[in-house]
Every structure is written in C-alpha cells, then in structure tokens.
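A.B. asks: What follows is protein.cif, mmCIF, C-alpha atoms.
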```cif
data_run
#
loop_
_atom_site.group_PDB
_atom_site.id
_atom_site.type_symbol
_atom_site.label_atom_id
_atom_site.label_comp_id
_atom_site.auth_asym_id
_atom_site.auth_seq_id
_atom_site.Cartn_x
_atom_site.Cartn_y
_atom_site.Cartn_z
ATOM 1 C CA MET H 861 85.266 153.937 55.649
ATOM 2 C CA ILE H 862 82.565 152.961 58.096
ATOM 3 C CA ARG H 863 83.560 151.555 61.475
ATOM 4 C CA PHE H 864 80.970 149.687 63.515
ATOM 5 C CA PRO H 865 81.507 148.239 66.973
ATOM 6 C CA GLY H 866 82.997 144.860 66.004
ATOM 7 C CA SER H 867 84.488 145.897 62.660
ATOM 8 C CA CYS H 868 88.001 144.537 62.372
ATOM 9 C CA ASP H 869 89.274 145.121 58.837
ATOM 10 C CA GLU H 870 88.714 148.852 58.646
ATOM 11 C CA VAL H 871 92.374 149.738 59.226
ATOM 12 C CA ASP H 872 93.637 147.495 56.412
ATOM 13 C CA ALA H 873 90.841 148.731 54.165
ATOM 14 C CA LEU H 874 91.670 152.338 55.029
ATOM 15 C CA GLY H 875 95.311 151.649 54.153
ATOM 16 C CA ALA H 876 94.235 150.087 50.860
ATOM 17 C CA CYS H 877 92.111 153.133 49.989
ATOM 18 C CA ARG H 878 94.934 155.507 50.916
ATOM 19 C CA ARG H 879 97.187 153.906 48.321
ATOM 20 C CA PHE H 880 94.937 155.492 45.726
ATOM 21 C CA ALA H 881 93.107 158.412 47.381
ATOM 22 C CA ASP H 882 92.312 160.184 50.645
ATOM 23 C CA ALA H 883 90.241 158.170 53.058
ATOM 24 C CA GLU H 884 88.967 158.542 56.603
ATOM 25 C CA LEU H 885 86.980 156.647 59.178
ATOM 26 C CA LEU H 886 83.357 157.320 60.027
ATOM 27 C CA TRP H 887 81.826 155.961 63.234
ATOM 28 C CA HIS H 888 78.534 154.032 63.215
ATOM 29 C CA GLY H 889 76.791 156.888 65.044
ATOM 30 C CA ASP H 890 77.761 159.489 62.438
ATOM 31 C CA ARG H 891 74.975 160.838 60.282
ATOM 32 C CA ASP H 892 77.176 163.004 58.097
ATOM 33 C CA LEU H 893 79.259 161.291 55.405
ATOM 34 C CA ARG H 894 81.526 164.378 55.204
ATOM 35 C CA ALA H 895 81.013 164.794 51.479
ATOM 36 C CA ALA H 896 82.694 161.463 50.710
ATOM 37 C CA ASP H 897 82.838 160.475 47.033
ATOM 38 C CA ALA H 898 82.647 156.778 47.847
ATOM 39 C CA ILE H 899 81.815 154.656 50.883
ATOM 40 C CA VAL H 900 83.452 151.414 51.956
ATOM 41 C CA ILE H 901 81.889 149.084 54.527
ATOM 42 C CA PRO H 902 84.671 146.858 55.837
ATOM 43 C CA GLY H 903 84.776 143.323 57.173
ATOM 44 C CA GLY H 904 84.491 142.165 60.735
ATOM 45 C CA PHE H 905 81.699 141.264 63.120
ATOM 46 C CA SER H 906 79.551 144.369 63.375
ATOM 47 C CA TYR H 907 77.480 144.258 66.573
ATOM 48 C CA GLY H 908 78.891 140.806 67.299
ATOM 49 C CA ASP H 909 77.053 139.293 64.316
ATOM 50 C CA TYR H 910 74.117 138.976 66.727
ATOM 51 C CA LEU H 911 70.937 137.502 65.246
ATOM 52 C CA ARG H 912 72.423 137.265 61.726
ATOM 53 C CA ALA H 913 75.592 138.746 60.289
ATOM 54 C CA GLY H 914 74.832 142.339 59.316
ATOM 55 C CA ALA H 915 71.287 142.308 60.732
ATOM 56 C CA ILE H 916 71.820 144.963 63.417
ATOM 57 C CA ALA H 917 74.324 147.170 61.599
ATOM 58 C CA ARG H 918 71.789 148.041 58.953
ATOM 59 C CA PHE H 919 69.824 150.045 61.563
ATOM 60 C CA SER H 920 72.758 152.186 62.698
ATOM 61 C CA PRO H 921 72.531 155.955 62.128
ATOM 62 C CA VAL H 922 75.372 155.963 59.596
ATOM 63 C CA MET H 923 73.566 153.390 57.470
ATOM 64 C CA GLU H 924 70.641 155.774 56.966
ATOM 65 C CA ALA H 925 73.080 158.202 55.397
ATOM 66 C CA VAL H 926 74.736 155.405 53.404
ATOM 67 C CA ARG H 927 71.327 154.299 52.129
ATOM 68 C CA GLU H 928 70.538 157.812 50.894
ATOM 69 C CA PHE H 929 73.992 158.077 49.352
ATOM 70 C CA ALA H 930 73.548 154.730 47.566
ATOM 71 C CA LEU H 931 70.041 155.527 46.367
ATOM 72 C CA SER H 932 71.291 158.786 44.866
ATOM 73 C CA GLY H 933 73.905 156.845 42.874
ATOM 74 C CA GLY H 934 76.965 157.154 45.126
ATOM 75 C CA PRO H 935 79.380 154.208 44.929
ATOM 76 C CA VAL H 936 79.312 151.879 47.941
ATOM 77 C CA LEU H 937 81.677 148.927 48.348
ATOM 78 C CA GLY H 938 80.930 146.268 50.976
ATOM 79 C CA ILE H 939 83.621 143.754 51.871
ATOM 80 C CA CYS H 940 82.761 140.519 53.710
ATOM 81 C CA ASN H 941 80.705 141.708 56.692
ATOM 82 C CA GLY H 942 80.081 144.869 54.656
ATOM 83 C CA PHE H 943 78.546 142.661 51.945
ATOM 84 C CA GLN H 944 76.353 141.005 54.579
ATOM 85 C CA VAL H 945 75.262 144.422 55.882
ATOM 86 C CA LEU H 946 74.352 145.624 52.370
ATOM 87 C CA CYS H 947 72.292 142.469 51.718
ATOM 88 C CA GLU H 948 70.485 142.807 55.061
ATOM 89 C CA ALA H 949 69.827 146.481 54.274
ATOM 90 C CA GLY H 950 68.238 145.487 50.975
ATOM 91 C CA LEU H 951 70.788 147.540 49.013
ATOM 92 C CA LEU H 952 72.036 144.331 47.397
ATOM 93 C CA PRO H 953 70.023 141.296 46.327
ATOM 94 C CA GLY H 954 70.330 137.936 48.083
ATOM 95 C CA ALA H 955 71.725 136.826 51.424
ATOM 96 C CA LEU H 956 74.806 135.170 52.916
ATOM 97 C CA LEU H 957 74.339 131.801 54.645
ATOM 98 C CA PRO H 958 76.742 129.722 56.760
ATOM 99 C CA ASN H 959 79.455 128.037 54.670
ATOM 100 C CA VAL H 960 78.459 124.609 53.407
ATOM 101 C CA GLY H 961 81.344 123.054 55.350
ATOM 102 C CA LEU H 962 80.236 124.876 58.547
ATOM 103 C CA ARG H 963 83.848 125.890 59.071
ATOM 104 C CA PHE H 964 85.665 129.165 59.055
ATOM 105 C CA VAL H 965 87.653 129.277 55.809
ATOM 106 C CA CYS H 966 90.803 131.336 55.429
ATOM 107 C CA ARG H 967 92.671 130.900 52.177
ATOM 108 C CA GLN H 968 93.850 132.594 49.024
ATOM 109 C CA VAL H 969 91.379 132.171 46.133
ATOM 110 C CA GLU H 970 91.299 133.194 42.503
ATOM 111 C CA LEU H 971 88.496 135.440 41.347
ATOM 112 C CA VAL H 972 87.472 135.841 37.725
ATOM 113 C CA VAL H 973 86.275 139.255 36.584
ATOM 114 C CA GLU H 974 82.906 138.821 34.867
ATOM 115 C CA ASN H 975 81.968 142.432 34.290
ATOM 116 C CA PRO H 976 84.710 145.083 33.989
ATOM 117 C CA ASN H 977 82.265 147.861 33.098
ATOM 118 C CA THR H 978 81.482 149.028 36.630
ATOM 119 C CA PRO H 979 82.908 151.571 39.082
ATOM 120 C CA PHE H 980 84.527 148.713 41.011
ATOM 121 C CA THR H 981 86.122 146.723 38.201
ATOM 122 C CA ARG H 982 86.990 149.253 35.511
ATOM 123 C CA ALA H 983 90.745 148.806 36.032
ATOM 124 C CA CYS H 984 90.295 145.123 35.100
ATOM 125 C CA ALA H 985 89.539 143.332 31.847
ATOM 126 C CA GLU H 986 86.898 140.654 31.430
ATOM 127 C CA GLY H 987 88.347 137.290 32.412
ATOM 128 C CA ASP H 988 91.152 138.768 34.519
ATOM 129 C CA VAL H 989 92.039 136.520 37.428
ATOM 130 C CA LEU H 990 92.631 138.205 40.796
ATOM 131 C CA SER H 991 94.331 136.414 43.669
ATOM 132 C CA VAL H 992 92.685 137.586 46.902
ATOM 133 C CA PRO H 993 92.142 135.944 50.314
ATOM 134 C CA VAL H 994 88.808 134.920 51.811
ATOM 135 C CA LYS H 995 88.201 134.541 55.567
ATOM 136 C CA HIS H 996 84.664 133.962 56.744
ATOM 137 C CA THR H 997 82.145 131.548 58.218
ATOM 138 C CA THR H 998 79.002 133.022 56.676
ATOM 139 C CA GLY H 999 79.841 133.486 53.024
ATOM 140 C CA ARG H 1000 77.546 131.195 51.043
ATOM 141 C CA TYR H 1001 75.798 133.512 48.628
ATOM 142 C CA TYR H 1002 72.136 132.674 48.130
ATOM 143 C CA ALA H 1003 69.397 134.099 45.966
ATOM 144 C CA PRO H 1004 66.386 132.319 44.461
ATOM 145 C CA GLU H 1005 67.051 130.692 41.059
ATOM 146 C CA GLU H 1006 65.109 133.295 39.054
ATOM 147 C CA ALA H 1007 66.981 136.076 40.833
ATOM 148 C CA LEU H 1008 70.310 134.403 39.999
ATOM 149 C CA ASP H 1009 69.324 134.227 36.316
ATOM 150 C CA GLU H 1010 68.474 137.909 36.411
ATOM 151 C CA LEU H 1011 71.755 138.831 38.146
ATOM 152 C CA GLU H 1012 73.713 136.975 35.485
ATOM 153 C CA SER H 1013 71.813 138.409 32.534
ATOM 154 C CA ASN H 1014 72.098 141.965 33.944
ATOM 155 C CA GLY H 1015 75.849 141.658 34.411
ATOM 156 C CA GLN H 1016 75.490 142.061 38.189
ATOM 157 C CA VAL H 1017 77.819 139.180 38.996
ATOM 158 C CA LEU H 1018 81.062 141.154 38.880
ATOM 159 C CA LEU H 1019 83.311 138.428 40.262
ATOM 160 C CA HIS H 1020 83.042 134.686 40.597
ATOM 161 C CA TYR H 1021 85.331 132.129 42.184
ATOM 162 C CA ALA H 1022 87.590 130.383 39.679
ATOM 163 C CA GLU H 1023 86.517 126.852 38.829
ATOM 164 C CA GLY H 1024 86.991 124.465 41.737
ATOM 165 C CA GLN H 1025 87.794 127.268 44.208
ATOM 166 C CA ASN H 1026 84.361 128.077 45.624
ATOM 167 C CA PRO H 1027 85.225 128.097 49.355
ATOM 168 C CA ASN H 1028 81.733 128.214 50.840
ATOM 169 C CA GLY H 1029 79.129 126.682 48.521
ATOM 170 C CA SER H 1030 77.975 129.999 47.039
ATOM 171 C CA ALA H 1031 75.329 129.695 44.344
ATOM 172 C CA ARG H 1032 76.879 129.610 40.870
ATOM 173 C CA ASP H 1033 80.337 130.327 42.325
ATOM 174 C CA ILE H 1034 79.349 133.945 42.939
ATOM 175 C CA ALA H 1035 81.982 135.910 44.870
ATOM 176 C CA GLY H 1036 80.557 139.418 44.453
ATOM 177 C CA VAL H 1037 77.375 141.050 43.164
ATOM 178 C CA SER H 1038 76.204 144.573 42.455
ATOM 179 C CA ASN H 1039 72.783 146.168 42.478
ATOM 180 C CA SER H 1040 71.111 146.703 39.113
ATOM 181 C CA GLN H 1041 72.483 150.278 38.842
ATOM 182 C CA LYS H 1042 76.016 148.914 39.501
ATOM 183 C CA ASN H 1043 76.795 151.570 42.110
ATOM 184 C CA VAL H 1044 76.583 149.232 45.113
ATOM 185 C CA PHE H 1045 78.877 146.208 45.176
ATOM 186 C CA GLY H 1046 79.530 143.551 47.788
ATOM 187 C CA LEU H 1047 82.030 140.695 47.847
ATOM 188 C CA MET H 1048 83.109 138.102 50.389
ATOM 189 C CA PRO H 1049 86.864 138.051 49.533
ATOM 190 C CA HIS H 1050 89.125 140.721 51.025
ATOM 191 C CA PRO H 1051 90.792 142.879 48.367
ATOM 192 C CA GLU H 1052 92.207 145.117 51.134
ATOM 193 C CA HIS H 1053 94.438 142.243 52.265
ATOM 194 C CA ALA H 1054 95.936 141.937 48.783
ATOM 195 C CA VAL H 1055 97.319 145.367 47.930
ATOM 196 C CA ASP H 1056 101.029 144.765 48.495
ATOM 197 C CA PRO H 1057 103.232 142.186 46.745
ATOM 198 C CA LEU H 1058 104.785 141.608 50.169
ATOM 199 C CA THR H 1059 101.683 139.624 51.159
ATOM 200 C CA GLY H 1060 101.768 137.542 47.979
ATOM 201 C CA SER H 1061 99.398 139.502 45.761
ATOM 202 C CA ALA H 1062 98.538 143.103 44.983
ATOM 203 C CA ASP H 1063 95.565 142.152 42.796
ATOM 204 C CA GLY H 1064 93.003 143.455 45.313
ATOM 205 C CA GLY H 1065 94.293 146.965 44.646
ATOM 206 C CA LYS H 1066 92.558 146.846 41.262
ATOM 207 C CA LEU H 1067 89.176 147.273 42.927
ATOM 208 C CA PHE H 1068 90.262 150.359 44.892
ATOM 209 C CA GLU H 1069 92.048 151.734 41.838
ATOM 210 C CA SER H 1070 88.822 151.258 39.859
ATOM 211 C CA LEU H 1071 86.727 153.051 42.437
ATOM 212 C CA VAL H 1072 89.085 156.031 42.515
ATOM 213 C CA ALA H 1073 89.242 156.171 38.703
ATOM 214 C CA HIS H 1074 85.437 156.170 38.636
ATOM 215 C CA VAL H 1075 85.250 159.069 41.097
ATOM 216 C CA ASP H 1076 87.968 161.001 39.240
ATOM 217 C CA ALA H 1077 86.126 160.577 35.952
ATOM 218 C CA LEU H 1078 83.079 162.261 37.504
ATOM 219 C CA GLN H 1079 84.997 165.366 38.632
ATOM 220 C CA PRO H 1080 84.797 168.433 36.426
ATOM 221 C CA ALA H 1081 88.094 168.928 34.600
ATOM 222 C CA MET U 1172 52.337 139.147 76.865
ATOM 223 C CA LYS U 1173 54.932 136.451 76.357
ATOM 224 C CA ALA U 1174 55.593 135.023 72.961
ATOM 225 C CA ARG U 1175 58.070 132.807 71.180
ATOM 226 C CA VAL U 1176 59.228 133.112 67.622
ATOM 227 C CA LEU U 1177 60.628 130.017 65.944
ATOM 228 C CA ILE U 1178 62.903 130.740 63.010
ATOM 229 C CA ARG U 1179 64.179 128.072 60.625
ATOM 230 C CA PRO U 1180 65.832 127.920 57.209
ATOM 231 C CA LYS U 1181 63.262 128.064 54.432
ATOM 232 C CA GLU U 1182 62.368 124.834 52.703
ATOM 233 C CA GLY U 1183 64.726 124.202 49.816
ATOM 234 C CA ILE U 1184 67.602 126.062 51.454
ATOM 235 C CA LEU U 1185 70.484 123.789 52.283
ATOM 236 C CA ASP U 1186 70.890 123.495 56.055
ATOM 237 C CA PRO U 1187 74.324 121.955 56.696
ATOM 238 C CA GLN U 1188 73.779 122.177 60.460
ATOM 239 C CA GLY U 1189 70.584 120.130 60.211
ATOM 240 C CA GLN U 1190 72.318 117.616 57.945
ATOM 241 C CA THR U 1191 75.179 117.209 60.401
ATOM 242 C CA VAL U 1192 72.774 116.578 63.282
ATOM 243 C CA GLU U 1193 70.841 114.116 61.123
ATOM 244 C CA ARG U 1194 74.018 112.193 60.371
ATOM 245 C CA ALA U 1195 75.028 112.135 64.037
ATOM 246 C CA LEU U 1196 71.784 110.669 65.370
ATOM 247 C CA PRO U 1197 72.131 107.115 63.952
ATOM 248 C CA ALA U 1198 75.548 106.866 65.597
ATOM 249 C CA LEU U 1199 73.727 107.129 68.934
ATOM 250 C CA GLY U 1200 71.168 104.507 67.980
ATOM 251 C CA PHE U 1201 68.412 106.921 66.838
ATOM 252 C CA ASP U 1202 67.556 105.479 63.465
ATOM 253 C CA GLY U 1203 65.068 106.717 60.872
ATOM 254 C CA VAL U 1204 65.235 110.428 61.726
ATOM 255 C CA LYS U 1205 64.696 112.601 58.642
ATOM 256 C CA ASP U 1206 64.429 116.252 57.619
ATOM 257 C CA VAL U 1207 66.328 117.744 60.567
ATOM 258 C CA ARG U 1208 66.362 121.541 60.396
ATOM 259 C CA VAL U 1209 68.209 123.671 62.922
ATOM 260 C CA GLY U 1210 66.933 127.160 63.571
ATOM 261 C CA ARG U 1211 66.678 129.492 66.524
ATOM 262 C CA MET U 1212 64.104 130.710 68.998
ATOM 263 C CA VAL U 1213 63.455 134.244 70.201
ATOM 264 C CA GLU U 1214 61.466 134.804 73.405
ATOM 265 C CA LEU U 1215 59.727 138.115 73.812
ATOM 266 C CA ASP U 1216 57.523 139.914 76.280
ATOM 267 C CA VAL U 1217 55.549 142.358 74.161
ATOM 268 C CA PRO U 1218 52.775 144.877 74.778
ATOM 269 C CA ASP U 1219 51.075 144.026 71.497
ATOM 270 C CA ALA U 1220 51.446 140.541 69.988
ATOM 271 C CA SER U 1221 49.878 141.658 66.736
ATOM 272 C CA ARG U 1222 53.089 143.477 65.891
ATOM 273 C CA ILE U 1223 55.392 140.451 66.159
ATOM 274 C CA GLY U 1224 54.893 139.581 62.489
ATOM 275 C CA GLU U 1225 56.211 142.992 61.527
ATOM 276 C CA MET U 1226 59.181 142.529 63.893
ATOM 277 C CA CYS U 1227 59.957 139.230 62.177
ATOM 278 C CA GLU U 1228 59.789 140.742 58.709
ATOM 279 C CA LYS U 1229 62.025 143.662 59.657
ATOM 280 C CA LEU U 1230 64.546 142.177 62.055
ATOM 281 C CA LEU U 1231 64.035 138.825 63.753
ATOM 282 C CA ALA U 1232 64.064 136.804 60.530
ATOM 283 C CA ASN U 1233 65.367 137.355 57.028
ATOM 284 C CA PRO U 1234 62.287 136.403 54.994
ATOM 285 C CA LEU U 1235 64.409 135.645 51.931
ATOM 286 C CA ILE U 1236 66.076 132.691 53.652
ATOM 287 C CA GLU U 1237 64.048 131.983 56.799
ATOM 288 C CA ASP U 1238 60.498 131.036 57.788
ATOM 289 C CA TYR U 1239 59.117 132.064 61.145
ATOM 290 C CA GLU U 1240 56.333 130.881 63.373
ATOM 291 C CA ILE U 1241 54.848 132.971 66.176
ATOM 292 C CA LEU U 1242 53.575 131.272 69.333
ATOM 293 C CA VAL U 1243 51.820 133.287 72.032
ATOM 294 C CA VAL U 1244 52.763 131.575 75.269
ATOM 295 C CA GLU U 1245 51.010 133.617 77.951
ATOM 296 C CA ARG U 1246 48.444 136.373 77.587
#
```
I'd like the structure from this file rewritten - as structure tokens, please.
C.D. replies:
Amino acid sequence: MIRFPGSCDEVDALGACRRFADAELLWHGDRDLRAADAIVIPGGFSYGDYLRAGAIARFSPVMEAVREFALSGGPVLGICNGFQVLCEAGLLPGALLPNVGLRFVCRQVELVVENPNTPFTRACAEGDVLSVPVKHTTGRYYAPEEALDELESNGQVLLHYAEGQNPNGSARDIAGVSNSQKNVFGLMPHPEHAVDPLTGSADGGKLFESLVAHVDALQPA
Amino acid sequence: MKARVLIRPKEGILDPQGQTVERALPALGFDGVKDVRVGRMVELDVPDASRIGEMCEKLLANPLIEDYEILVVER
C-alpha cells in the first residue's frame, strides 16, 4: 500500500487488504517494494492534487519501482486518486476529468462486472452487481472514441456503472479499466469502504479477495 | 527568460466550467458570448525557453486532454 503526502484512504485500504492477506504501508520516498506480491495505490489527494490530480505523484521515487513492477507483470490496483496516478503515469489508458456536474459526489453506486477473467475480478461472475461508494470531484473517465472501442473489444473495461448511475459523466459509463495485459487496474469507486456489512455492503471485498486469489494461484504448491 | 504557458481543455472535450461561465454571462447583460473555455496559466522563468515544450508534454499539461500554448514574455 503506497502512501503519498495527501493520501487519505490508505488506512481503510490497508484494513481491506488485511482481511484477505498481509499488507503494509510504503512511503512515497521508498524505492524498495519489499518483495510485495501486489501493489495498491489508494485514494486521497496526493501532493495536494496540484496541477492535475495524480500529476506530481507519478514522479515520486516509489512510482519508479511501481512502474518496473507493473511492466514486469506485477498486479497493481489504483483506487480513485490511485487510478488518476496510474493514468498520469501512462500505466493505464485515458484520463480523469472534472465531474460533469462540477460537484464533489459521494454516494453508493452499483457497479456491473464486465470482465471476471482478471486478477482483480476473478472472485466475481460476469454481470455481478457490486454496491460500492464513490467520492470524488475528478472522476469523469475520458479516452478518445477509438481508444474506448479498443478498451471494450479487449475486455479492458472491468467494471461499469449500472444503468442510470453514472455519477460523473464518464465515457460509456466506465467505472474501472485495466491495461491490455490486465495486470494494472484503476477504478474511481472505493471498494475498501465496502468490505464490512456494517457499512451497508461488503461487495468491495470481492476485488481484494480476487487479487489475493490471483497471487496465491501463482505460488508454487 | 520569462514565459507563460496557457493550458486549456482540448477541442471536443466537454468543459463544464466553461459552459457554466458561458451561461452566467448573459445574466449580467453580456450577450452573444460563445465557446468559453476555462484553462490555467503557468508562469515560468527559465534558462532555456526551447525546453518548455518538453516540460508541457511531460508535466505542465496532459496532452491527451489539454492543448498548450507557449508565450515568451521577456527575453
């Protein structure tokens, strides 16, 4: 779990990971990923969201290591600001723009699983509906039309907002996309805030459960 | 040397901020204003203005969603 100055969801995300596996925090100045099997970049306002959300974080020392890790096939999950960082770093296609309504949105939304055959969604079935909160101001997913066609035909749109629930004007109701190798995934909703029935939904746990199952499957028996 | 970089949303990208400003202007009696785009400006004092383009591509702008314009103000 990466912590940047200005991250704010890393503790919840750490707790969510620890429901399924061991997890620890890395600071933005770290260059050593301590042999992690998977990396999570949490939500928040890394470096104050100066310039553009995620624009400065991508140059931090830890991101060099994360880039190498991602390029060698390691699974990387970016949540909200983490998604923005991964897009700015060029590890994910597209960009996040200010919400169409120009307002901060904070609400529970339903997400439909489009592609369950990835390290992040393997505990789900196609068409599963996950109830997870969103909370952001800069969450309108954008990519050029041709790129969107390609994302859809490659199965890189792992999650989309259920019909009528797009909270920010994202292109084609996209809530989360992966890279073409499917080992880097970013989403605007916050699965880490939906891991306990106490808060209304534990559906977000499916994504962490998937990631851990993926890592376990790679370990020698 | 001093320079300014003007950054604005690319053509074709919805700019809700620009639209909101456009809708507010007639209320103040400014009629007929069209195509309002809201961006940002970065002022720089640089040793070598020829490198500003590279700075824009790598950091100051996101070329996927933004256009930039470089103005050298003072040599």
A.B. asks: Calculated over only C-alpha atoms, which of the candidates H:Ile1034, H:Leu1018, H:Leu911, H:Leu1067 has the smallest distance to Arg1211 in chain U?
C.D. replies: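 Among H:Ile1034, H:Leu1018, H:Leu911, H:Leu1067, it is H:Leu911 that comes nearest to Arg1211 in chain U.
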A.B. asks: So which residues touch Glu1193 in chain U within 9 Å, counting only C-alpha atoms, skipping near sequence neighbours fewer than 3 positions away, as a ChimeraX atom specification?
C.D. replies: /U:1188-1190,1196-1197,1204-1208
A.B. asks: Can you list, as a ChimeraX atom specification, the residues that the PyMOL selection byres ((chain U) within 10 of (chain H)) selects here?
C.D. replies: /U:1180,1183-1188,1191,1211,1213,1229-1233,1235-1236
A.B. asks: Give the padded box for range 1178-1183 of chain U as AutoDock Vina command-line options: axis-aligned, covering all atoms listed in the file, 3 Å on each side, centre and edge lengths in Å to one decimal.
C.D. replies:
```
--center_x 64.1 --center_y 127.5 --center_z 56.4 --size_x 9.5 --size_y 12.5 --size_z 19.2
```
A.B. asks: For a test of reading the model, state the distance in Å between CA of Val1044 in chain H and CA of Phe964 in chain H, rounded to one decimal.
C.D. replies: 26.1 Å
A.B. asks: Under the PyMOL selection byres ((chain H and resi 978-984) around 12), which residues of this model are included? Write them out as number ranges by chain.
C.D. replies: H: 897-900, 933-939, 971-977, 985-990, 1015-1019, 1036-1047, 1051, 1063-1078
A.B. asks: Show me, as a list in words, the residues that have an atom within 7 Å of range 863-875 of chain H when counting only C-alpha atoms, minus same-chain residues fewer than 2 positions from it.
C.D. replies: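 Contacts, with the query itself left out: Met861, Cys877, Arg878, Arg879, Ala883, Glu884, Leu885, Leu886, Trp887, His888, Pro902, Gly903, Gly904, Phe905, Ser906, Tyr907, Gly908, Glu1052 and His1053 of chain H.
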A.B. asks: Step by step: start from the point (76.5, 126.5, 39.6) in the file's coordinates, keep every protein, DNA or RNA residue that has an atom no farther than 12 Å from it, count only C-alpha atoms, and write the set as a PyMOL selection string.
C.D. replies: chain H and resi 1001-1002+1005+1008-1009+1012+1020-1024+1026+1029-1034
A.B. asks: How would you write, as a ChimeraX atom specification, the residues chosen by the PyMOL selection byres ((chain U and resi 1174) around 7) on this structure?
C.D. replies: /U:1172-1173,1175-1176,1214-1216,1242-1245
A.B. asks: For CA of Ser1221 in chain U and CA of Tyr1239 in chain U, determine how far apart the two atoms are, in Å to one decimal place.
C.D. replies: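 Those two atoms sit 14.4 Å apart.
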A.B. asks: One number please: CA of Ile1178 in chain U to CA of Val1217 in chain U, in Å, one decimal.
C.D. replies: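 Going from CA of Ile1178 in chain U over to CA of Val1217 in chain U, I get 17.7 Å.
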A.B. asks: Which residues are near Pro1049 in chain H? Cut-off 8 Å, only C-alpha atoms, ignore same chain within fewer than 3 positions. Put them as a list in words.
C.D. replies: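 Listed by chain and then number, they are Ile939, Cys940, Val992, Pro993, Val994, Lys995 and Ala1035 of chain H.
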A.B. asks: Restricting the calculation to only C-alpha atoms: of U:Ile1241, U:Met1212, U:Arg1194, U:Leu1199, which residue gets closest to Met1226 in chain U?
C.D. replies: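 Once distances to Met1226 in chain U are computed over only C-alpha atoms, the minimum belongs to U:Ile1241.
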A.B. asks: I want to know what sits within 9 Å of Asp890 in chain H, based on only C-alpha atoms, with residues of the same chain fewer than 3 positions away left out; could you give that as a list in words?
C.D. replies: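 Near neighbours after the sequence-gap exclusion: Leu886, Trp887, Leu893, Ser920, Pro921, Val922, Met923 and Ala925 of chain H.
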A.B. asks: Go through H:Val965, H:Leu952, H:Met1048, H:Leu1058 and flag the residue nearest Ala1007 in chain H, using all atoms listed in the file for the distances.
C.D. replies: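 Smallest distance to Ala1007 in chain H is found for H:Leu952.
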